[in-house]
Every structure is written in structure tokens, then in C-alpha cells.
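Visitor: So I've got this file, data_5.pdb, and it contains PDB, C-alpha atoms:
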```
ATOM      1  CA  MET Z   1      56.158-109.679 -70.151
ATOM      2  CA  ASP Z   2      53.857-110.881 -67.434
ATOM      3  CA  VAL Z   3      51.576-108.145 -66.070
ATOM      4  CA  ALA Z   4      52.416-108.929 -62.434
ATOM      5  CA  VAL Z   5      56.137-108.644 -63.168
ATOM      6  CA  ALA Z   6      55.602-105.424 -65.104
ATOM      7  CA  ALA Z   7      53.649-103.994 -62.163
ATOM      8  CA  LYS Z   8      56.522-104.730 -59.795
ATOM      9  CA  LEU Z   9      58.994-103.095 -62.169
ATOM     10  CA  GLY Z  10      56.664-100.116 -62.512
ATOM     11  CA  ALA Z  11      56.485 -99.748 -58.734
ATOM     12  CA  GLY Z  12      60.268 -99.683 -58.615
ATOM     13  CA  LEU Z  13      60.412 -97.126 -61.405
ATOM     14  CA  ALA Z  14      57.833 -94.950 -59.635
ATOM     15  CA  MET Z  15      60.214 -94.592 -56.704
ATOM     16  CA  ILE Z  16      62.901 -92.913 -58.880
ATOM     17  CA  GLY Z  17      61.160 -89.613 -58.131
ATOM     18  CA  VAL Z  18      62.346 -89.897 -54.540
ATOM     19  CA  ALA Z  19      65.915 -89.154 -55.708
ATOM     20  CA  GLY Z  20      64.912 -85.585 -56.495
ATOM     21  CA  VAL Z  21      63.261 -85.250 -53.108
ATOM     22  CA  GLY Z  22      66.487 -86.379 -51.456
ATOM     23  CA  ILE Z  23      68.387 -83.605 -53.218
ATOM     24  CA  GLY Z  24      65.645 -81.113 -52.321
ATOM     25  CA  ILE Z  25      65.490 -81.957 -48.622
ATOM     26  CA  GLY Z  26      69.282 -81.943 -48.464
ATOM     27  CA  ASN Z  27      69.293 -78.474 -49.986
ATOM     28  CA  ILE Z  28      66.676 -77.206 -47.530
ATOM     29  CA  PHE Z  29      68.546 -78.381 -44.464
ATOM     30  CA  ALA Z  30      71.914 -77.293 -45.862
ATOM     31  CA  SER Z  31      70.539 -73.763 -46.294
ATOM     32  CA  LEU Z  32      68.868 -73.921 -42.890
ATOM     33  CA  ILE Z  33      72.110 -74.904 -41.163
ATOM     34  CA  ALA Z  34      74.087 -72.298 -43.122
ATOM     35  CA  SER Z  35      71.675 -69.488 -42.255
ATOM     36  CA  VAL Z  36      71.519 -70.442 -38.564
ATOM     37  CA  ALA Z  37      75.317 -70.693 -38.427
ATOM     38  CA  ARG Z  38      75.663 -67.225 -39.940
ATOM     39  CA  ASN Z  39      73.026 -65.642 -37.747
ATOM     40  CA  PRO Z  40      72.079 -67.770 -34.726
ATOM     41  CA  ALA Z  41      69.572 -65.140 -33.585
ATOM     42  CA  SER Z  42      67.426 -65.827 -36.641
ATOM     43  CA  GLU Z  43      66.841 -69.481 -35.730
ATOM     44  CA  ALA Z  44      63.364 -68.929 -34.283
ATOM     45  CA  GLN Z  45      62.242 -67.270 -37.526
ATOM     46  CA  VAL Z  46      64.023 -69.559 -39.979
ATOM     47  CA  ARG Z  47      63.183 -72.937 -38.458
ATOM     48  CA  PRO Z  48      59.390 -72.924 -39.147
ATOM     49  CA  ILE Z  49      60.035 -71.896 -42.751
ATOM     50  CA  GLY Z  50      62.556 -74.702 -43.111
ATOM     51  CA  LEU Z  51      60.135 -77.229 -41.650
ATOM     52  CA  LEU Z  52      57.394 -75.999 -43.985
ATOM     53  CA  GLY Z  53      59.750 -76.455 -46.933
ATOM     54  CA  PHE Z  54      60.653 -79.918 -45.659
ATOM     55  CA  ALA Z  55      56.995 -80.913 -45.401
ATOM     56  CA  LEU Z  56      56.166 -79.584 -48.870
ATOM     57  CA  THR Z  57      59.137 -81.383 -50.443
ATOM     58  CA  GLU Z  58      58.475 -84.556 -48.518
ATOM     59  CA  GLY Z  59      54.946 -84.500 -49.960
ATOM     60  CA  VAL Z  60      56.436 -85.168 -53.407
ATOM     61  CA  ALA Z  61      58.193 -88.271 -52.081
ATOM     62  CA  ILE Z  62      54.926 -89.380 -50.538
ATOM     63  CA  PHE Z  63      53.171 -88.967 -53.914
ATOM     64  CA  ALA Z  64      55.763 -91.277 -55.503
ATOM     65  CA  LEU Z  65      55.438 -93.742 -52.644
ATOM     66  CA  ALA Z  66      51.642 -93.692 -52.852
ATOM     67  CA  VAL Z  67      51.808 -94.406 -56.597
ATOM     68  CA  ALA Z  68      54.232 -97.285 -56.016
ATOM     69  CA  LEU Z  69      52.129 -98.789 -53.219
ATOM     70  CA  MET Z  70      48.949 -98.420 -55.291
ATOM     71  CA  ILE Z  71      50.598-100.241 -58.206
ATOM     72  CA  LEU Z  72      51.644-103.041 -55.861
ATOM     73  CA  PHE Z  73      48.522-103.505 -53.794
ATOM     74  CA  LEU Z  74      45.527-101.974 -55.577
TER      75      LEU Z  74
ATOM     76  CA  MET M   1      47.745-117.093 -39.306
ATOM     77  CA  ILE M   2      46.710-120.573 -40.416
ATOM     78  CA  ALA M   3      49.666-122.875 -41.147
ATOM     79  CA  GLY M   4      50.111-123.847 -44.788
ATOM     80  CA  GLU M   5      48.079-120.939 -46.151
ATOM     81  CA  PRO M   6      50.299-118.368 -47.952
ATOM     82  CA  PHE M   7      50.384-115.078 -46.100
ATOM     83  CA  GLU M   8      49.330-112.096 -48.142
ATOM     84  CA  ILE M   9      50.210-108.459 -47.420
ATOM     85  CA  ARG M  10      46.999-106.435 -47.487
ATOM     86  CA  PRO M  11      47.923-102.880 -46.455
ATOM     87  CA  LEU M  12      44.745-101.368 -47.914
ATOM     88  CA  GLU M  13      42.430-103.413 -45.717
ATOM     89  CA  GLN M  14      42.695-100.860 -42.901
ATOM     90  CA  PHE M  15      41.123 -98.136 -45.035
ATOM     91  CA  GLU M  16      37.888-100.043 -45.684
ATOM     92  CA  LEU M  17      34.789 -98.477 -44.197
ATOM     93  CA  HIS M  18      32.503-100.510 -41.958
ATOM     94  CA  PRO M  19      29.234 -99.428 -40.351
ATOM     95  CA  ALA M  20      29.683 -98.555 -36.700
ATOM     96  CA  LEU M  21      27.272 -98.492 -33.735
ATOM     97  CA  GLY M  22      25.314-101.621 -34.716
ATOM     98  CA  ALA M  23      21.936-101.574 -36.452
ATOM     99  CA  VAL M  24      21.357 -97.835 -36.039
ATOM    100  CA  GLY M  25      24.684 -96.996 -37.679
ATOM    101  CA  HIS M  26      23.986 -99.512 -40.430
ATOM    102  CA  ALA M  27      20.636 -97.871 -41.227
ATOM    103  CA  VAL M  28      22.077 -94.355 -41.612
ATOM    104  CA  ASN M  29      25.484 -95.453 -43.044
ATOM    105  CA  PHE M  30      27.351 -94.210 -39.980
ATOM    106  CA  THR M  31      30.857 -95.599 -40.522
ATOM    107  CA  GLN M  32      33.812 -95.890 -38.167
ATOM    108  CA  SER M  33      35.255 -92.874 -39.995
ATOM    109  CA  ASN M  34      32.342 -90.746 -38.782
ATOM    110  CA  LEU M  35      32.666 -92.298 -35.341
ATOM    111  CA  PHE M  36      36.278 -91.123 -35.078
ATOM    112  CA  MET M  37      35.359 -87.655 -36.370
ATOM    113  CA  VAL M  38      32.815 -87.389 -33.534
ATOM    114  CA  ALA M  39      35.375 -88.778 -31.075
ATOM    115  CA  GLY M  40      37.966 -86.242 -32.238
ATOM    116  CA  ALA M  41      35.520 -83.367 -31.894
ATOM    117  CA  LEU M  42      34.441 -84.514 -28.418
ATOM    118  CA  LEU M  43      38.072 -84.911 -27.301
ATOM    119  CA  THR M  44      38.890 -81.399 -28.510
ATOM    120  CA  MET M  45      35.869 -79.959 -26.757
ATOM    121  CA  ALA M  46      36.749 -81.854 -23.578
ATOM    122  CA  LEU M  47      40.335 -80.530 -23.689
ATOM    123  CA  LEU M  48      39.236 -76.933 -24.233
ATOM    124  CA  VAL M  49      36.390 -76.974 -21.682
ATOM    125  CA  TYR M  50      38.363 -78.857 -19.028
ATOM    126  CA  GLY M  51      41.524 -76.880 -19.777
ATOM    127  CA  SER M  52      39.904 -73.463 -19.502
ATOM    128  CA  ARG M  53      37.917 -74.285 -16.363
ATOM    129  CA  PRO M  54      40.549 -73.468 -13.691
ATOM    130  CA  ARG M  55      41.368 -70.001 -15.164
ATOM    131  CA  ALA M  56      44.530 -70.056 -13.022
ATOM    132  CA  THR M  57      47.202 -67.362 -13.317
ATOM    133  CA  VAL M  58      49.797 -70.119 -13.202
ATOM    134  CA  PRO M  59      48.263 -72.693 -15.565
ATOM    135  CA  GLY M  60      48.303 -76.403 -14.839
ATOM    136  CA  ARG M  61      49.080 -79.076 -17.414
ATOM    137  CA  TRP M  62      45.734 -79.186 -19.205
ATOM    138  CA  GLN M  63      45.239 -75.435 -19.088
ATOM    139  CA  SER M  64      48.667 -74.767 -20.572
ATOM    140  CA  LEU M  65      48.048 -77.396 -23.274
ATOM    141  CA  ALA M  66      44.772 -75.728 -24.255
ATOM    142  CA  GLU M  67      46.342 -72.250 -24.089
ATOM    143  CA  MET M  68      49.392 -73.291 -26.107
ATOM    144  CA  LEU M  69      47.181 -74.800 -28.808
ATOM    145  CA  TYR M  70      45.060 -71.651 -28.929
ATOM    146  CA  GLU M  71      48.004 -69.242 -28.959
ATOM    147  CA  PHE M  72      49.925 -71.303 -31.542
ATOM    148  CA  VAL M  73      47.081 -71.178 -34.059
ATOM    149  CA  HIS M  74      46.260 -67.562 -33.217
ATOM    150  CA  GLY M  75      49.864 -66.533 -33.781
ATOM    151  CA  MET M  76      49.958 -68.438 -37.052
ATOM    152  CA  ALA M  77      46.748 -66.839 -38.335
ATOM    153  CA  VAL M  78      47.757 -63.288 -37.390
ATOM    154  CA  ASP M  79      51.358 -63.670 -38.621
ATOM    155  CA  GLN M  80      50.366 -65.072 -41.987
ATOM    156  CA  ILE M  81      47.169 -63.185 -42.827
ATOM    157  CA  GLY M  82      47.809 -59.964 -40.935
ATOM    158  CA  PRO M  83      45.371 -58.152 -38.625
ATOM    159  CA  GLU M  84      42.456 -59.444 -40.725
ATOM    160  CA  GLY M  85      43.494 -62.942 -39.640
ATOM    161  CA  LYS M  86      41.543 -62.574 -36.396
ATOM    162  CA  ALA M  87      38.304 -62.941 -38.344
ATOM    163  CA  PHE M  88      39.453 -66.256 -39.788
ATOM    164  CA  PHE M  89      40.970 -67.580 -36.568
ATOM    165  CA  PRO M  90      37.977 -69.747 -35.513
ATOM    166  CA  PHE M  91      37.900 -71.392 -38.930
ATOM    167  CA  ILE M  92      41.642 -72.087 -39.008
ATOM    168  CA  PHE M  93      41.614 -73.340 -35.418
ATOM    169  CA  THR M  94      38.775 -75.767 -36.205
ATOM    170  CA  LEU M  95      40.522 -76.973 -39.346
ATOM    171  CA  PHE M  96      43.879 -77.436 -37.606
ATOM    172  CA  VAL M  97      42.477 -79.291 -34.625
ATOM    173  CA  PHE M  98      40.229 -81.487 -36.778
ATOM    174  CA  VAL M  99      43.129 -82.579 -38.992
ATOM    175  CA  LEU M 100      45.473 -82.945 -36.011
ATOM    176  CA  MET M 101      42.980 -85.098 -34.109
ATOM    177  CA  GLY M 102      42.434 -87.297 -37.171
ATOM    178  CA  ASN M 103      46.160 -87.807 -37.666
ATOM    179  CA  LEU M 104      46.926 -88.452 -34.004
ATOM    180  CA  LEU M 105      43.941 -90.712 -33.272
ATOM    181  CA  GLY M 106      44.899 -92.808 -36.296
ATOM    182  CA  LEU M 107      48.308 -93.569 -34.785
ATOM    183  CA  ILE M 108      46.732 -95.572 -31.952
ATOM    184  CA  PRO M 109      46.612 -99.254 -33.024
ATOM    185  CA  PHE M 110      43.235-100.439 -34.397
ATOM    186  CA  PHE M 111      41.984 -96.854 -34.619
ATOM    187  CA  PHE M 112      40.838 -95.443 -37.927
ATOM    188  CA  THR M 113      42.525 -92.430 -39.577
ATOM    189  CA  TYR M 114      39.769 -90.379 -41.170
ATOM    190  CA  THR M 115      42.286 -88.059 -42.861
ATOM    191  CA  SER M 116      43.528 -91.049 -44.906
ATOM    192  CA  HIS M 117      40.470 -90.771 -47.172
ATOM    193  CA  ILE M 118      40.612 -88.364 -50.091
ATOM    194  CA  ALA M 119      36.874 -87.808 -49.673
ATOM    195  CA  VAL M 120      37.513 -86.152 -46.287
ATOM    196  CA  THR M 121      40.612 -84.120 -47.196
ATOM    197  CA  GLY M 122      39.143 -83.231 -50.606
ATOM    198  CA  ALA M 123      35.991 -81.838 -48.994
ATOM    199  CA  LEU M 124      38.121 -79.783 -46.559
ATOM    200  CA  ALA M 125      40.363 -78.450 -49.347
ATOM    201  CA  VAL M 126      37.454 -77.553 -51.657
ATOM    202  CA  PHE M 127      35.802 -75.735 -48.767
ATOM    203  CA  VAL M 128      39.029 -73.785 -48.072
ATOM    204  CA  ILE M 129      39.406 -72.732 -51.723
ATOM    205  CA  CYS M 130      35.732 -71.787 -52.052
ATOM    206  CA  LEU M 131      36.006 -69.685 -48.883
ATOM    207  CA  ALA M 132      39.201 -67.985 -50.128
ATOM    208  CA  THR M 133      37.614 -67.173 -53.494
ATOM    209  CA  PHE M 134      34.429 -65.925 -51.798
ATOM    210  CA  VAL M 135      36.436 -63.701 -49.429
ATOM    211  CA  ALA M 136      38.529 -62.355 -52.326
ATOM    212  CA  ILE M 137      35.510 -61.480 -54.460
ATOM    213  CA  ARG M 138      33.717 -59.951 -51.488
ATOM    214  CA  THR M 139      36.708 -57.778 -50.490
ATOM    215  CA  HIS M 140      37.897 -56.764 -53.939
ATOM    216  CA  GLY M 141      34.897 -57.248 -56.206
ATOM    217  CA  LEU M 142      35.786 -57.750 -59.855
ATOM    218  CA  HIS M 143      39.266 -56.414 -59.084
ATOM    219  CA  PHE M 144      39.935 -59.950 -57.810
ATOM    220  CA  PHE M 145      40.532 -61.124 -61.387
ATOM    221  CA  SER M 146      43.656 -58.948 -61.590
ATOM    222  CA  TYR M 147      45.120 -61.634 -59.351
ATOM    223  CA  PHE M 148      45.658 -63.763 -62.435
ATOM    224  CA  LEU M 149      47.859 -61.125 -64.112
ATOM    225  CA  PRO M 150      50.675 -60.032 -61.766
ATOM    226  CA  GLU M 151      51.664 -56.368 -61.923
ATOM    227  CA  GLY M 152      54.617 -55.533 -64.150
ATOM    228  CA  ALA M 153      54.171 -58.556 -66.361
ATOM    229  CA  PRO M 154      54.711 -57.805 -70.049
ATOM    230  CA  ILE M 155      51.345 -57.548 -71.803
ATOM    231  CA  VAL M 156      52.582 -59.730 -74.676
ATOM    232  CA  LEU M 157      52.892 -62.667 -72.322
ATOM    233  CA  ALA M 158      49.477 -61.999 -70.725
ATOM    234  CA  PRO M 159      47.596 -64.934 -72.336
ATOM    235  CA  LEU M 160      50.273 -67.385 -71.213
ATOM    236  CA  ILE M 161      50.616 -65.954 -67.692
ATOM    237  CA  VAL M 162      46.857 -65.835 -67.134
ATOM    238  CA  MET M 163      46.571 -69.468 -68.234
ATOM    239  CA  ILE M 164      49.375 -70.560 -65.894
ATOM    240  CA  GLU M 165      47.987 -68.553 -62.970
ATOM    241  CA  ILE M 166      44.480 -69.985 -63.445
ATOM    242  CA  ILE M 167      45.827 -73.530 -63.612
ATOM    243  CA  SER M 168      47.965 -73.008 -60.512
ATOM    244  CA  TYR M 169      44.968 -71.497 -58.691
ATOM    245  CA  LEU M 170      42.747 -74.436 -59.611
ATOM    246  CA  SER M 171      45.396 -77.012 -58.692
ATOM    247  CA  ARG M 172      45.532 -75.688 -55.123
ATOM    248  CA  PRO M 173      42.686 -77.819 -53.741
ATOM    249  CA  VAL M 174      44.127 -80.884 -55.499
ATOM    250  CA  SER M 175      47.610 -80.481 -54.031
ATOM    251  CA  LEU M 176      46.251 -79.450 -50.615
ATOM    252  CA  SER M 177      44.050 -82.540 -50.308
ATOM    253  CA  MET M 178      46.457 -84.961 -52.007
ATOM    254  CA  ARG M 179      49.318 -83.974 -49.687
ATOM    255  CA  LEU M 180      47.460 -84.768 -46.483
ATOM    256  CA  PHE M 181      45.697 -87.862 -47.836
ATOM    257  CA  ALA M 182      48.813 -89.373 -49.450
ATOM    258  CA  ASN M 183      50.966 -88.704 -46.380
ATOM    259  CA  MET M 184      48.510 -90.409 -44.060
ATOM    260  CA  MET M 185      47.744 -93.305 -46.403
ATOM    261  CA  ALA M 186      51.376 -94.031 -47.345
ATOM    262  CA  GLY M 187      52.531 -93.819 -43.721
ATOM    263  CA  HIS M 188      49.955 -96.288 -42.484
ATOM    264  CA  MET M 189      50.593 -98.596 -45.450
ATOM    265  CA  ILE M 190      54.339 -98.685 -44.685
ATOM    266  CA  LEU M 191      53.590 -99.613 -41.064
ATOM    267  CA  VAL M 192      51.402-102.517 -42.221
ATOM    268  CA  VAL M 193      53.970-103.678 -44.796
ATOM    269  CA  PHE M 194      56.754-103.855 -42.204
ATOM    270  CA  ALA M 195      54.436-105.457 -39.637
ATOM    271  CA  SER M 196      53.574-108.083 -42.276
ATOM    272  CA  PHE M 197      57.286-108.799 -42.751
ATOM    273  CA  VAL M 198      57.467-109.605 -39.033
ATOM    274  CA  VAL M 199      54.641-112.140 -39.385
ATOM    275  CA  MET M 200      56.074-113.641 -42.587
ATOM    276  CA  LEU M 201      59.566-114.044 -41.113
ATOM    277  CA  GLY M 202      58.187-115.281 -37.816
ATOM    278  CA  SER M 203      56.494-118.206 -39.580
ATOM    279  CA  LEU M 204      59.890-119.442 -40.861
ATOM    280  CA  GLY M 205      61.021-120.887 -37.546
ATOM    281  CA  ALA M 206      63.816-119.882 -35.180
ATOM    282  CA  VAL M 207      66.079-118.222 -37.792
ATOM    283  CA  GLY M 208      63.118-116.300 -39.222
ATOM    284  CA  ALA M 209      62.053-115.157 -35.776
ATOM    285  CA  LEU M 210      65.571-113.815 -35.190
ATOM    286  CA  GLY M 211      65.436-112.009 -38.550
ATOM    287  CA  ALA M 212      61.996-110.611 -37.722
ATOM    288  CA  ILE M 213      63.673-108.322 -35.189
ATOM    289  CA  ILE M 214      64.872-106.127 -38.078
ATOM    290  CA  PRO M 215      61.468-105.122 -39.569
ATOM    291  CA  PHE M 216      60.090-104.859 -36.019
ATOM    292  CA  GLY M 217      62.969-102.530 -35.137
ATOM    293  CA  ILE M 218      62.263-100.452 -38.254
ATOM    294  CA  ASN M 219      58.613-100.072 -37.275
ATOM    295  CA  ILE M 220      59.444 -98.403 -33.948
ATOM    296  CA  PRO M 221      61.245 -95.320 -35.389
ATOM    297  CA  LEU M 222      58.611 -95.293 -38.136
ATOM    298  CA  ILE M 223      55.928 -94.720 -35.479
ATOM    299  CA  GLY M 224      57.977 -91.787 -34.194
ATOM    300  CA  PHE M 225      58.304 -90.459 -37.734
ATOM    301  CA  GLU M 226      54.543 -90.840 -38.239
ATOM    302  CA  LEU M 227      54.005 -88.808 -35.057
ATOM    303  CA  LEU M 228      56.156 -86.028 -36.566
ATOM    304  CA  VAL M 229      54.331 -86.278 -39.900
ATOM    305  CA  ALA M 230      50.928 -86.201 -38.193
ATOM    306  CA  VAL M 231      51.663 -82.899 -36.444
ATOM    307  CA  LEU M 232      53.602 -81.443 -39.385
ATOM    308  CA  GLN M 233      50.887 -82.197 -41.935
ATOM    309  CA  ALA M 234      48.202 -80.625 -39.756
ATOM    310  CA  TYR M 235      50.474 -77.574 -39.432
ATOM    311  CA  VAL M 236      51.103 -77.478 -43.189
ATOM    312  CA  PHE M 237      47.393 -77.791 -43.960
ATOM    313  CA  ALA M 238      46.588 -74.919 -41.597
ATOM    314  CA  ILE M 239      49.446 -72.670 -42.762
ATOM    315  CA  LEU M 240      48.622 -73.190 -46.441
ATOM    316  CA  THR M 241      45.028 -72.255 -45.640
ATOM    317  CA  CYS M 242      46.418 -69.103 -44.021
ATOM    318  CA  ILE M 243      48.547 -68.344 -47.114
ATOM    319  CA  TYR M 244      45.569 -68.799 -49.461
ATOM    320  CA  LEU M 245      43.449 -66.547 -47.251
ATOM    321  CA  HIS M 246      46.288 -63.991 -47.187
ATOM    322  CA  ASP M 247      46.263 -63.984 -51.004
ATOM    323  CA  ALA M 248      42.496 -63.551 -50.905
ATOM    324  CA  VAL M 249      42.623 -60.617 -48.495
ATOM    325  CA  HIS M 250      45.669 -58.807 -49.930
ATOM    326  CA  LEU M 251      45.844 -59.998 -53.588
ATOM    327  CA  HIS M 252      49.610 -60.760 -53.718
TER     328      HIS M 252
END
```
Using the file provided, produce a representation of the structure as C-alpha cells.

Guide:
Amino acid sequence: MDVAVAAKLGAGLAMIGVAGVGIGIGNIFASLIASVARNPASEAQVRPIGLLGFALTEGVAIFALAVALMILFL
Amino acid sequence: MIAGEPFEIRPLEQFELHPALGAVGHAVNFTQSNLFMVAGALLTMALLVYGSRPRATVPGRWQSLAEMLYEFVHGMAVDQIGPEGKAFFPFIFTLFVFVLMGNLLGLIPFFFTYTSHIAVTGALAVFVICLATFVAIRTHGLHFFSYFLPEGAPIVLAPLIVMIEIISYLSRPVSLSMRLFANMMAGHMILVVFASFVVMLGSLGAVGALGAIIPFGINIPLIGFELLVAVLQAYVFAILTCIYLHDAVHLH
């Protein structure tokens, strides 16, 4: 297989990791909505924690994206 | 773009360093990255000095911006670290504002994002971890090493747990710096990739120009998302610093 073609396939494969991040972020916001719906008074406390979890999980997606972009353009 | 020449997407070009400020900058290797660090620091100082000048009971726009920034970071430091957090507040404030300024300045077209270099974020993260370790050893002495064996852990598993704890402790600066650097780099690369699609489609004539609306339309919400990421990543960097310092002060 040609190296350039293999690199493009590899970049596509590197993005599979984003699937897990999708599940993770969905879980975070599902729990956030559920906890705010149960106890609306807790929103001010829960929201920053949820956003922190979102940012930490999103970082994993960014790692996968960075790997894919590096394969393509570096 | 010159007609006939194939257009190439080069999203990494924006991260190249060039000497700034003419011959003087060239002689001392003063790059545009350093230039934007100085600009960010000067902007922050201008905001804080100008914002705290009126000392009004009912603050104006700039005063409330400066006060909100100060109180936000102060609240974060004290909430996360505890009463000892006041001692670390200047450090965390500097770190937060430096990262925030780098992220936000980089969003302006043709401006350089200094947080998109692992050299910058790596130096910040290593400094944070060294400070946390120094604080921990100074507060707890040799007792600090009990951090690597949590209380109540079965002694049989001690070799394994200590290994895992040491590895997780040492991977902190790596994940802290990689998160910020990769977020900034990937975000700016995506913007360039979609902007390149606009140029590539635009060179295809009338139909291509009509199709170029789609990547252009994608780039607009992406800028908004980058704005969110810029603030969020500065917040995450600062709050993780707070959590590491909390561990150093309280040992679990």
C-alpha cells in the first residue's frame, strides 16, 4: 500500500477514539440535566463541575484530532 | 492564489515562529510568540490599573470587569485549596490570566496563539508540578511520600499501588500541558482547514463559489466554539493547578 494512502487511512482510524468521547460527554450532560431536574437549587454548584468534566473529556477528543491532523499534515 | 497552481492546505504554517521587531528582535531571537506574551501582559496590566483607578462604589464597565476577574479567581482558589489558597492566589491569578490572554488574543485573525506551542504550556505545567511538590515537601516533610500509598490500602497491593500512584503523579504535567496545547493547536488547525475549503471551492467557478458558503458557514460557529474553548481551557488549567496545590497542602 502506498504510504500516502496509508497515512490517510491512519488519520481516519485515529478519529475512532472520538466515539468514546461522544458517549462520555453525553453521559456528563445527561447526569447534569438529571441532577438539575431533581434539585434545581443545586444548579449553581453542579454546573461548574459538569463543565469541568466536559472540558476534561473533550480533551481526549482533541488528542485524537491532533493525532489525525498531525498524520495528515506533518 | 495563482491560477493553475494546485492549492495546498497548510494548517501548520501559522505555528511557525518568526523574529519580530526587526533587526533587534532578530539578534536576540525575539519571536512573535514573545511579542504576544508581552502584549498579553501589558493588556492585563492596563485592564487592572485602568479598572481599579476609579474606586467607585458603583463600578463602571472596566472596574466591574477587573473586579469580576479578580473575584472569580479568588473564589476558585479559596474554594478549591481552602483557606491556605490565599497564599497561592497571586500565582493562580497570573497563570489564569496569562493562559486566557494567550487563548483570546490568538482568536483575532493574523494574531499568534502562544499557548499553541507545547514549549510554552509544558514550561507552565512543569513549573506548576514543581511548585506543588515543593509546597508538599515543605509542609509535610518526608510524610509527603505517604501520598503514594493511600490510607486503608491492603499492604499486599502496596508495590502495585505505589507504582500506579507515582506514574499518575508524573503524568500530571504531561496531561496538563498536552490538554491546553492540543486544544489550541487543533482548534486553529480546523479553522484553517475549513477556510482552505472556501478557497479551493471558490476557485471552481460559480457552482464552487455557491458551495463555498457551506465551509464558510461552518467556520462561523467554529469561531464561537473556539471562544468557549479558549475561556474553558484557561479555567481548566487554573482549576487543575488549584486541585494539585490542594493535594500538596492537604495530602488527599

Visitor: Counting only C-alpha atoms, which residues from chain Z have an atom at most 8 Å from any atom of chain M, and could you show them as a compact mmCIF listing (two decimals) with C-alpha atoms, keeping the file's coordinate frame?

Guide:
```txt
# COMPACT_ATOMS: atom_id res chain seq x y z
CA LEU Z 52 57.39 -76.00 -43.98
CA ALA Z 55 57.00 -80.91 -45.40
CA LEU Z 56 56.17 -79.58 -48.87
CA GLY Z 59 54.95 -84.50 -49.96
CA ILE Z 62 54.93 -89.38 -50.54
CA PHE Z 63 53.17 -88.97 -53.91
CA LEU Z 65 55.44 -93.74 -52.64
CA ALA Z 66 51.64 -93.69 -52.85
CA LEU Z 69 52.13 -98.79 -53.22
CA PHE Z 73 48.52 -103.50 -53.79
CA LEU Z 74 45.53 -101.97 -55.58
```

Visitor: Which residues are near region 13-15 of chain Z? Cut-off 12 Å, all atoms listed in the file, ignore same chain within fewer than 4 positions. Put them as JSON, numbers by chain.

Guide: {"Z": [6, 7, 8, 9, 19, 20, 21, 22, 60, 61, 62, 63, 64, 65, 66, 67, 68, 69, 70, 71, 72]}

Visitor: Pick out the residues sitting within 8 Å of Val249 (chain M), and hand them over as a list in words; count only C-alpha atoms, and ignore anything fewer than 2 positions along from it in its own chain.

Guide: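 Result of the neighbour search: Ile81, Glu84, Val135, Ala136, Thr139, Leu245, His246, Asp247 and Leu251 of chain M.
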
Visitor: For Leu47 (chain M), find every residue with an atom within 9 Å (counting only C-alpha atoms), except residues of its own chain fewer than 2 positions away, and show them as a PDB file with C-alpha atoms, in the coordinates of the input.

Guide:
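Result written to out_15.pdb:
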```pdb
ATOM      1  CA  LEU M  42      34.441 -84.514 -28.418  1.00  0.00           C
ATOM      2  CA  LEU M  43      38.072 -84.911 -27.301  1.00  0.00           C
ATOM      3  CA  THR M  44      38.890 -81.399 -28.510  1.00  0.00           C
ATOM      4  CA  MET M  45      35.869 -79.959 -26.757  1.00  0.00           C
ATOM      5  CA  VAL M  49      36.390 -76.974 -21.682  1.00  0.00           C
ATOM      6  CA  TYR M  50      38.363 -78.857 -19.028  1.00  0.00           C
ATOM      7  CA  GLY M  51      41.524 -76.880 -19.777  1.00  0.00           C
ATOM      8  CA  SER M  52      39.904 -73.463 -19.502  1.00  0.00           C
ATOM      9  CA  TRP M  62      45.734 -79.186 -19.205  1.00  0.00           C
ATOM     10  CA  GLN M  63      45.239 -75.435 -19.088  1.00  0.00           C
ATOM     11  CA  LEU M  65      48.048 -77.396 -23.274  1.00  0.00           C
ATOM     12  CA  ALA M  66      44.772 -75.728 -24.255  1.00  0.00           C
TER      13      ALA M  66
END
```

Visitor: When the PyMOL selection byres ((chain M and resi 20) around 12) is applied to the file above, which residues end up in the set, as a list of chain:residue names?

Guide: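 Applied to this file, the PyMOL selection byres ((chain M and resi 20) around 12) selects M:Leu17, M:His18, M:Pro19, M:Leu21, M:Gly22, M:Ala23, M:Val24, M:Gly25, M:His26, M:Ala27, M:Val28, M:Asn29, M:Phe30, M:Thr31, M:Gln32, M:Ser33, M:Asn34, M:Leu35, M:Phe36, M:Phe112.
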
Visitor: What does the distance from CA of Leu107 (chain M) to CA of Ser196 (chain M) come to in Å, to one decimal?

Guide: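 Straight-line distance from CA of Leu107 (chain M) to CA of Ser196 (chain M) works out to 17.2 Å.
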
Visitor: For CA of Phe110 (chain M) and CA of Val192 (chain M), determine how far apart the two atoms are, in Å to one decimal place.

Guide: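 Going from CA of Phe110 (chain M) over to CA of Val192 (chain M) covers 11.5 Å.
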
Visitor: Grab the CA of Gln80 (chain M) to CA of Cys242 (chain M) distance for me, in Å with one decimal place.

Guide: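 That distance, rounded to one decimal, is 6.0 Å.
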
Visitor: Spell out the residues picked by the PyMOL selection byres ((chain M and resi 73) around 8) here, as a ChimeraX atom specification.

Guide: /M:69-72,74-77,89,92-93,96

Visitor: Evaluate the PyMOL selection byres ((chain Z and resi 25-29) around 8) and record the selected residues as a list in words, following the chain and residue labels used in the document.

Guide: Val21, Gly22, Ile23, Gly24, Ala30, Ser31, Leu32, Ile33, Gly50, Gly53, Phe54, Thr57 and Glu58 of chain Z

Visitor: Complete the atoms of region 58-66 of chain M to N, CA and C atoms and put them out as a short mmCIF file (atom, residue, chain, number, x, y, z; two decimals), keeping the file's coordinate frame.

Guide:
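Heads up, here's the output in rebuild_32.cif:
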```
data_model
loop_
_atom_site.label_atom_id
_atom_site.label_comp_id
_atom_site.auth_asym_id
_atom_site.auth_seq_id
_atom_site.Cartn_x
_atom_site.Cartn_y
_atom_site.Cartn_z
N VAL M 58 48.75 -69.18 -12.85
CA VAL M 58 49.80 -70.12 -13.20
C VAL M 58 49.10 -71.38 -13.71
N PRO M 59 49.09 -71.60 -15.04
CA PRO M 59 48.26 -72.69 -15.56
C PRO M 59 48.82 -74.06 -15.22
N GLY M 60 47.91 -75.00 -15.04
CA GLY M 60 48.30 -76.40 -14.84
C GLY M 60 48.59 -77.04 -16.18
N ARG M 61 48.73 -78.38 -16.18
CA ARG M 61 49.08 -79.08 -17.41
C ARG M 61 48.05 -78.89 -18.50
N TRP M 62 46.77 -79.20 -18.16
CA TRP M 62 45.73 -79.19 -19.20
C TRP M 62 45.47 -77.77 -19.66
N GLN M 63 45.51 -76.82 -18.70
CA GLN M 63 45.24 -75.44 -19.09
C GLN M 63 46.33 -74.92 -20.01
N SER M 64 47.61 -75.28 -19.69
CA SER M 64 48.67 -74.77 -20.57
C SER M 64 48.60 -75.45 -21.94
N LEU M 65 48.19 -76.72 -21.98
CA LEU M 65 48.05 -77.40 -23.27
C LEU M 65 47.00 -76.68 -24.13
N ALA M 66 45.83 -76.40 -23.52
CA ALA M 66 44.77 -75.73 -24.26
C ALA M 66 45.21 -74.33 -24.68
#
```
